[in-house]
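Source file model29.tsv; content: TSV, C-alpha atoms.
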chain	number	residue	atom	x	y	z
A	1	MET	CA	27.87	236.14	65.75
A	2	LYS	CA	27.98	233.15	63.42
A	3	ILE	CA	25.43	232.93	60.61
A	4	ILE	CA	24.41	229.61	59.08
A	5	CYS	CA	22.34	229.66	55.89
A	6	LEU	CA	20.04	226.65	55.46
A	7	ALA	CA	18.07	228.14	52.54
A	8	SER	CA	17.56	231.53	50.89
A	9	SER	CA	15.34	232.20	47.89
A	10	SER	CA	11.74	232.75	46.84
A	11	SER	CA	11.29	229.01	47.42
A	12	GLY	CA	12.23	229.10	51.09
A	13	ASN	CA	14.31	230.93	53.68
A	14	CYS	CA	15.90	229.63	56.88
A	15	TYR	CA	18.99	230.65	58.86
A	16	VAL	CA	20.62	229.99	62.22
A	17	LEU	CA	22.34	232.60	64.40
A	18	ASP	CA	24.91	231.37	66.93
A	19	ASN	CA	26.35	233.81	69.47
A	20	GLY	CA	28.30	231.17	71.37
A	21	LEU	CA	25.66	230.97	74.09
A	22	ASP	CA	22.36	230.42	72.27
A	23	LYS	CA	21.36	229.42	68.77
A	24	LEU	CA	18.36	231.17	67.18
A	25	LEU	CA	16.44	229.93	64.14
A	26	LEU	CA	15.65	232.85	61.85
A	27	GLU	CA	12.74	232.07	59.48
A	28	GLY	CA	11.10	228.69	58.95
A	29	GLY	CA	10.30	228.79	55.26
A	30	ILE	CA	11.29	225.29	54.17
A	31	PRO	CA	9.61	221.98	55.09
A	32	TYR	CA	10.19	220.90	58.67
A	33	LYS	CA	11.88	217.63	57.67
A	34	GLU	CA	14.28	219.61	55.49
A	35	ILE	CA	15.12	221.90	58.40
A	36	ILE	CA	15.88	218.89	60.58
A	37	HIS	CA	18.03	217.34	57.87
A	38	LYS	CA	20.00	220.53	57.26
A	39	LEU	CA	20.47	221.18	60.97
A	40	ASN	CA	21.85	217.68	61.29
A	41	ARG	CA	24.48	218.50	58.64
A	42	HIS	CA	25.74	221.17	61.03
A	43	GLY	CA	25.66	218.85	64.02
A	44	LEU	CA	22.48	220.43	65.39
A	45	LYS	CA	18.99	219.33	66.33
A	46	ILE	CA	15.87	221.45	66.73
A	47	THR	CA	16.02	221.39	70.54
A	48	ASP	CA	19.52	222.91	70.42
A	49	LEU	CA	17.85	226.15	69.33
A	50	CYS	CA	16.41	228.59	71.87
A	51	ALA	CA	13.59	229.84	69.64
A	52	CYS	CA	12.48	230.64	66.08
A	53	LEU	CA	11.99	234.22	64.85
A	54	ILE	CA	9.80	234.66	61.75
A	55	SER	CA	9.54	237.86	59.69
A	56	HIS	CA	6.11	237.35	58.12
A	57	GLY	CA	3.48	234.83	57.16
A	58	HIS	CA	4.29	234.00	53.53
A	59	GLN	CA	5.05	230.32	53.10
A	60	ASP	CA	8.65	230.81	51.99
A	61	HIS	CA	9.29	232.25	55.47
A	62	ALA	CA	6.74	230.53	57.72
A	63	ARG	CA	6.00	227.16	56.13
A	64	ALA	CA	7.28	225.10	59.08
A	65	ALA	CA	6.10	227.40	61.89
A	66	SER	CA	3.46	225.02	63.26
A	67	ASP	CA	5.85	222.06	63.38
A	68	ILE	CA	8.65	224.15	64.88
A	69	SER	CA	6.34	225.43	67.63
A	70	ARG	CA	5.94	221.87	68.96
A	71	PHE	CA	9.59	221.90	70.05
A	72	ILE	CA	10.77	225.50	70.49
A	73	PRO	CA	8.92	228.82	70.93
A	74	VAL	CA	8.08	230.84	67.83
A	75	TYR	CA	8.26	234.66	67.90
A	76	ALA	CA	6.40	236.69	65.27
A	77	SER	CA	3.63	239.23	64.77
A	78	ALA	CA	0.03	238.32	65.66
A	79	GLU	CA	-0.80	238.08	61.95
A	80	THR	CA	2.09	235.71	61.30
A	81	LEU	CA	1.38	233.47	64.28
A	82	GLY	CA	-2.23	232.98	63.18
A	83	SER	CA	-3.17	229.36	63.87
A	84	VAL	CA	0.29	228.22	65.01
A	85	PRO	CA	-0.70	225.67	67.67
A	86	GLY	CA	2.38	225.30	69.87
A	87	GLU	CA	4.36	227.70	72.03
A	88	LYS	CA	4.23	231.16	70.47
A	89	HIS	CA	5.01	234.73	71.49
A	90	GLU	CA	3.60	237.82	69.82
A	91	ILE	CA	6.03	240.63	69.05
A	92	THR	CA	5.10	244.18	68.07
A	93	ASN	CA	6.63	246.98	66.03
A	94	GLY	CA	9.25	248.98	67.95
A	95	ARG	CA	9.02	246.99	71.17
A	96	PRO	CA	12.23	245.10	72.07
A	97	VAL	CA	12.02	241.51	73.29
A	98	GLN	CA	14.65	239.32	74.94
A	99	VAL	CA	14.99	235.86	73.42
A	100	GLY	CA	17.71	233.87	75.13
A	101	ALA	CA	20.91	235.90	74.81
A	102	TYR	CA	19.46	237.99	71.94
A	103	ARG	CA	17.86	241.43	72.27
A	104	ILE	CA	15.51	241.82	69.31
A	105	LEU	CA	13.88	245.01	68.04
A	106	PRO	CA	11.16	244.33	65.43
A	107	PHE	CA	10.45	247.03	62.84
A	108	GLN	CA	7.80	247.24	60.17
A	109	THR	CA	8.83	246.41	56.60
A	110	GLU	CA	7.27	247.46	53.30
A	111	HIS	CA	5.74	244.24	52.03
A	112	ASP	CA	2.34	242.98	50.88
A	113	CYS	CA	1.82	240.75	53.90
A	114	PRO	CA	0.24	242.07	57.14
A	115	GLY	CA	2.49	241.94	60.19
A	116	SER	CA	5.77	241.88	58.26
A	117	PHE	CA	8.87	242.69	60.30
A	118	GLY	CA	12.58	243.17	59.97
A	119	PHE	CA	14.80	242.86	63.02
A	120	ILE	CA	17.71	244.55	64.75
A	121	ILE	CA	19.35	241.80	66.77
A	122	LYS	CA	21.88	242.59	69.50
A	123	SER	CA	23.97	240.07	71.34
A	124	ARG	CA	27.33	240.02	73.13
A	125	GLY	CA	28.53	243.36	71.76
A	126	GLU	CA	27.37	242.73	68.18
A	127	THR	CA	24.46	244.22	66.27
A	128	LEU	CA	22.89	242.54	63.23
A	129	LEU	CA	20.34	244.03	60.83
A	130	PHE	CA	17.97	241.55	59.18
A	131	ALA	CA	15.59	242.90	56.53
A	132	THR	CA	13.92	240.81	53.85
A	133	ASP	CA	10.85	241.08	51.62
A	134	THR	CA	10.69	244.85	51.75
A	135	LYS	CA	10.89	247.40	48.93
A	136	TYR	CA	12.84	249.75	51.22
A	137	ILE	CA	13.44	250.53	54.90
A	138	ARG	CA	11.49	253.55	56.09
A	139	TYR	CA	13.44	254.11	59.31
A	140	ASP	CA	16.66	256.00	59.97
A	141	PHE	CA	19.08	253.42	61.37
A	142	SER	CA	22.19	255.57	60.93
A	143	GLY	CA	22.67	255.67	64.70
A	144	TYR	CA	23.34	251.94	64.91
A	145	LYS	CA	26.81	250.50	64.41
A	146	PHE	CA	25.94	247.27	62.67
A	147	THR	CA	28.57	244.54	62.78
A	148	GLN	CA	26.71	242.32	60.30
A	149	ILE	CA	23.89	242.91	57.84
A	150	MET	CA	21.52	240.40	56.24
A	151	LEU	CA	19.67	242.33	53.54
A	152	GLU	CA	17.38	241.33	50.70
A	153	CYS	CA	18.80	241.83	47.22
A	154	ASN	CA	16.03	240.23	45.20
A	155	TYR	CA	16.51	241.44	41.64
A	156	VAL	CA	18.67	243.52	39.30
A	157	ASP	CA	16.74	246.58	38.15
A	158	GLU	CA	17.91	246.31	34.53
A	159	LEU	CA	16.92	242.63	34.29
A	160	LEU	CA	13.43	243.52	35.43
A	161	GLU	CA	13.23	246.09	32.63
A	162	ASP	CA	14.69	243.80	29.96
A	163	GLN	CA	12.58	240.72	30.65
A	164	ASP	CA	9.08	240.11	29.34
A	165	ILE	CA	7.21	240.02	32.65
A	166	ILE	CA	3.49	240.03	33.31
A	167	PRO	CA	2.71	243.61	34.41
A	168	ALA	CA	1.00	242.48	37.63
A	169	VAL	CA	4.04	240.36	38.58
A	170	LYS	CA	6.41	243.24	37.83
A	171	LYS	CA	4.32	245.64	39.88
A	172	ARG	CA	4.33	243.28	42.86
A	173	LEU	CA	8.11	242.82	42.72
A	174	ILE	CA	8.71	246.56	42.66
A	175	ASN	CA	6.27	247.18	45.50
A	176	SER	CA	7.29	244.35	47.84
A	177	HIS	CA	10.92	243.37	47.24
A	178	MET	CA	14.29	245.13	47.36
A	179	SER	CA	16.32	245.64	44.19
A	180	LEU	CA	20.10	245.86	43.92
A	181	LYS	CA	19.93	249.66	43.54
A	182	THR	CA	17.75	250.01	46.64
A	183	CYS	CA	20.02	247.61	48.51
A	184	ILE	CA	22.97	249.88	47.71
A	185	ARG	CA	21.05	253.00	48.77
A	186	THR	CA	20.03	251.32	52.01
A	187	LEU	CA	23.58	250.30	52.84
A	188	LYS	CA	24.79	253.84	52.12
A	189	SER	CA	22.36	255.15	54.74
A	190	LEU	CA	23.89	252.94	57.46
A	191	ASP	CA	27.02	253.28	59.60
A	192	LEU	CA	29.23	250.47	58.30
A	193	GLY	CA	32.33	251.51	60.23
A	194	ALA	CA	32.15	248.40	62.42
A	195	CYS	CA	30.59	246.08	59.83
A	196	TYR	CA	32.61	242.99	58.89
A	197	GLY	CA	30.02	241.04	56.91
A	198	ILE	CA	27.20	241.79	54.46
A	199	TYR	CA	24.93	238.88	53.50
A	200	LEU	CA	22.69	239.26	50.46
A	201	THR	CA	19.49	237.24	50.88
A	202	HIS	CA	16.39	236.16	49.00
A	203	LEU	CA	17.77	236.40	45.46
A	204	SER	CA	15.20	235.85	42.71
A	205	ASP	CA	15.79	232.71	40.64
A	206	GLY	CA	15.33	234.42	37.28
A	207	ARG	CA	15.88	238.12	37.89
A	208	SER	CA	19.10	238.25	39.87
A	209	ASP	CA	22.79	238.09	38.98
A	210	GLU	CA	24.70	236.65	41.91
A	211	GLU	CA	28.17	237.64	40.78
A	212	LEU	CA	27.14	241.16	39.77
A	213	MET	CA	25.34	241.73	43.08
A	214	LYS	CA	28.21	240.45	45.19
A	215	LYS	CA	30.86	242.35	43.20
A	216	THR	CA	28.85	245.59	43.23
A	217	VAL	CA	28.20	245.57	46.99
A	218	ALA	CA	31.73	244.50	47.93
A	219	GLY	CA	33.27	247.10	45.60
A	220	GLU	CA	31.04	249.89	46.86
A	221	PHE	CA	31.61	249.34	50.58
A	222	GLY	CA	34.84	247.37	50.96
A	223	VAL	CA	33.14	244.93	53.34
A	224	MET	CA	33.25	241.16	52.97
A	225	THR	CA	30.11	240.28	51.05
A	226	TYR	CA	28.39	236.91	50.80
A	227	VAL	CA	25.43	235.60	48.82
A	228	CYS	CA	23.12	233.30	50.77
A	229	ASN	CA	22.54	230.36	48.44
A	230	LYS	CA	19.17	228.86	47.55
A	231	ASN	CA	20.00	225.45	49.00
A	232	GLY	CA	22.11	226.70	51.88
A	233	GLY	CA	25.63	227.89	52.43
A	234	PHE	CA	27.28	230.97	50.96
A	235	SER	CA	29.09	232.02	47.81
Show me this structure written as structure tokens.
Amino acid sequence: MKIICLASSSSGNCYVLDNGLDKLLLEGGIPYKEIIHKLNRHGLKITDLCACLISHGHQDHARAASDISRFIPVYASAETLGSVPGEKHEITNGRPVQVGAYRILPFQTEHDCPGSFGFIIKSRGETLLFATDTKYIRYDFSGYKFTQIMLECNYVDELLEDQDIIPAVKKRLINSHMSLKTCIRTLKSLDLGACYGIYLTHLSDGRSDEELMKKTVAGEFGVMTYVCNKNGGFS
């Protein structure tokens, strides 16, 4: 399964999955015109995509949902869909849904936004875990053999301690986003025997260390590790 990163940060998140049969837009957290422009860089247009899957309603994940829904169906929780005017499909916790050639299992994440989901996405013999904007994953996924993982690694714990941060902001980060240490613990709880790619997503602009995160994860698990960049692409 090919992963294309169009954007990944607290400013906006947007990715494309391509299984060779269908292309799925994952998140719509950047302006619609920017999505169109970045798709065009990859030789794609919005109608080449079978659908858009959105994790939750915060703007850095759902900003373009209404515009996207005019051209392709949008799948998300009832809370996330809200006033989206176009074609939309409600998904619920623990109930699989078929979207094109993708079998998607939504699961509840630990975030401060109602209706927030992560996803287990299966297609053509591969299984991808996507979890963002969550302080941890409450479920036991050790029975899955993930081939790829897209996991939030928002901040470095020590940087959060060292920086002079407004207490309310610090509390929210700890209670709604995944740190490097929690990312490592989460990965240790999974079966990575078949995993060939780990993608670190949603890095904080001021409280992350890209090289440290990538080096730590790759060294710990011996799996090719990539950082999804703020403006698209990988490092």
### Message
Set the distance at 8 Å and use only C-alpha atoms: which residues neighbour His56 of chain A once local chain neighbours fewer than 3 positions away are removed? I'd like the list as number ranges by chain.
### Response
A: 61-62, 76-77, 79-80, 113-117
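In this structure, atom CA of Val169 of chain A sits 16.8 Å away from atom CA of Ser9 of chain A.
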### Query
Mind listing as a list in words all residues within 9 Å of (20.7, 242.3, 38.3), counting all atoms listed in the file?
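Protein, DNA and RNA residues close to (20.7, 242.3, 38.3): Asn154, Tyr155, Val156, Asp157, Glu158, Leu159, Leu160, Ser179, Leu180, Arg207, Ser208, Asp209, Glu210, Leu212 and Met213 of chain A.
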#### Entry: Counting all atoms listed in the file, the residue of A:Thr147, A:Ser235, A:Ser55, A:Thr47 that sits nearest Tyr15 of chain A
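Ranked by minimum distance to Tyr15 of chain A, first place goes to A:Ser55.
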### Message
If we count only C-alpha atoms and set the cut-off at 9 Å, which residues sit around Cys14 of chain A, ignoring sequence neighbours fewer than 3 positions away in its own chain? Please answer as a VMD selection string.
### Response
chain A and resid 4 to 8 25 to 30 35 60 to 61 232
For C-alpha atoms, I'd like the residues from the last selection saved as a PDB file, keeping the file's coordinate frame.
ATOM      1  CA  ILE A   4      24.410 229.610  59.080  1.00  0.00           C
ATOM      2  CA  CYS A   5      22.340 229.660  55.890  1.00  0.00           C
ATOM      3  CA  LEU A   6      20.040 226.650  55.460  1.00  0.00           C
ATOM      4  CA  ALA A   7      18.070 228.140  52.540  1.00  0.00           C
ATOM      5  CA  SER A   8      17.560 231.530  50.890  1.00  0.00           C
ATOM      6  CA  LEU A  25      16.440 229.930  64.140  1.00  0.00           C
ATOM      7  CA  LEU A  26      15.650 232.850  61.850  1.00  0.00           C
ATOM      8  CA  GLU A  27      12.740 232.070  59.480  1.00  0.00           C
ATOM      9  CA  GLY A  28      11.100 228.690  58.950  1.00  0.00           C
ATOM     10  CA  GLY A  29      10.300 228.790  55.260  1.00  0.00           C
ATOM     11  CA  ILE A  30      11.290 225.290  54.170  1.00  0.00           C
ATOM     12  CA  ILE A  35      15.120 221.900  58.400  1.00  0.00           C
ATOM     13  CA  ASP A  60       8.650 230.810  51.990  1.00  0.00           C
ATOM     14  CA  HIS A  61       9.290 232.250  55.470  1.00  0.00           C
ATOM     15  CA  GLY A 232      22.110 226.700  51.880  1.00  0.00           C
TER      16      GLY A 232
END
### Query
Using only C-alpha atoms, which of A:Pro73, A:Gly86, A:Gly125, A:Gly193 sits nearest Lys145 of chain A?
A:Gly193
#### Entry: Å distance separating atom CA of Asn231 of chain A from atom CA of Asp67 of chain A, one decimal place
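Interatomic distance here is 20.5 Å.
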### Query
Closest to Ser189 of chain A among A:Tyr226, A:Gly233, A:Phe221, A:Phe141, using all atoms listed in the file?
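Counting all atoms listed in the file, the residue closest to Ser189 of chain A is A:Phe141.
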If the box runs along x, y and z of the file and leaves 4 Å on each side of segment 209-214 of chain A, what are its centre and edge lengths in Å, one decimal, as AutoDock Vina command-line options?
--center_x 25.5 --center_y 239.2 --center_z 42.1 --size_x 13.4 --size_y 13.1 --size_z 14.2
### Query
Closest to Ile121 of chain A among A:Leu24, A:Ala64, A:Leu81, A:Leu203, using all atoms listed in the file?
A:Leu24
### Query
So how far away is atom CA of Ile3 of chain A from atom CA of Asp18 of chain A, in Å?
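Atom CA of Ile3 of chain A lies at a distance of 6.5 Å from atom CA of Asp18 of chain A.
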### Task
Would you mind telling me which residue in A:Gly94, A:Gly12, A:Pro85, A:Gly100 lies nearest to Gln59 of chain A when using all atoms listed in the file?
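For Gln59 of chain A, the nearest of the candidates is A:Gly12.
Of the listed residues A:Val74, A:Gly57, A:Glu87, A:Met150, the one whose atoms come nearest to Cys195 of chain A is A:Met150, with distances taken using all atoms listed in the file.
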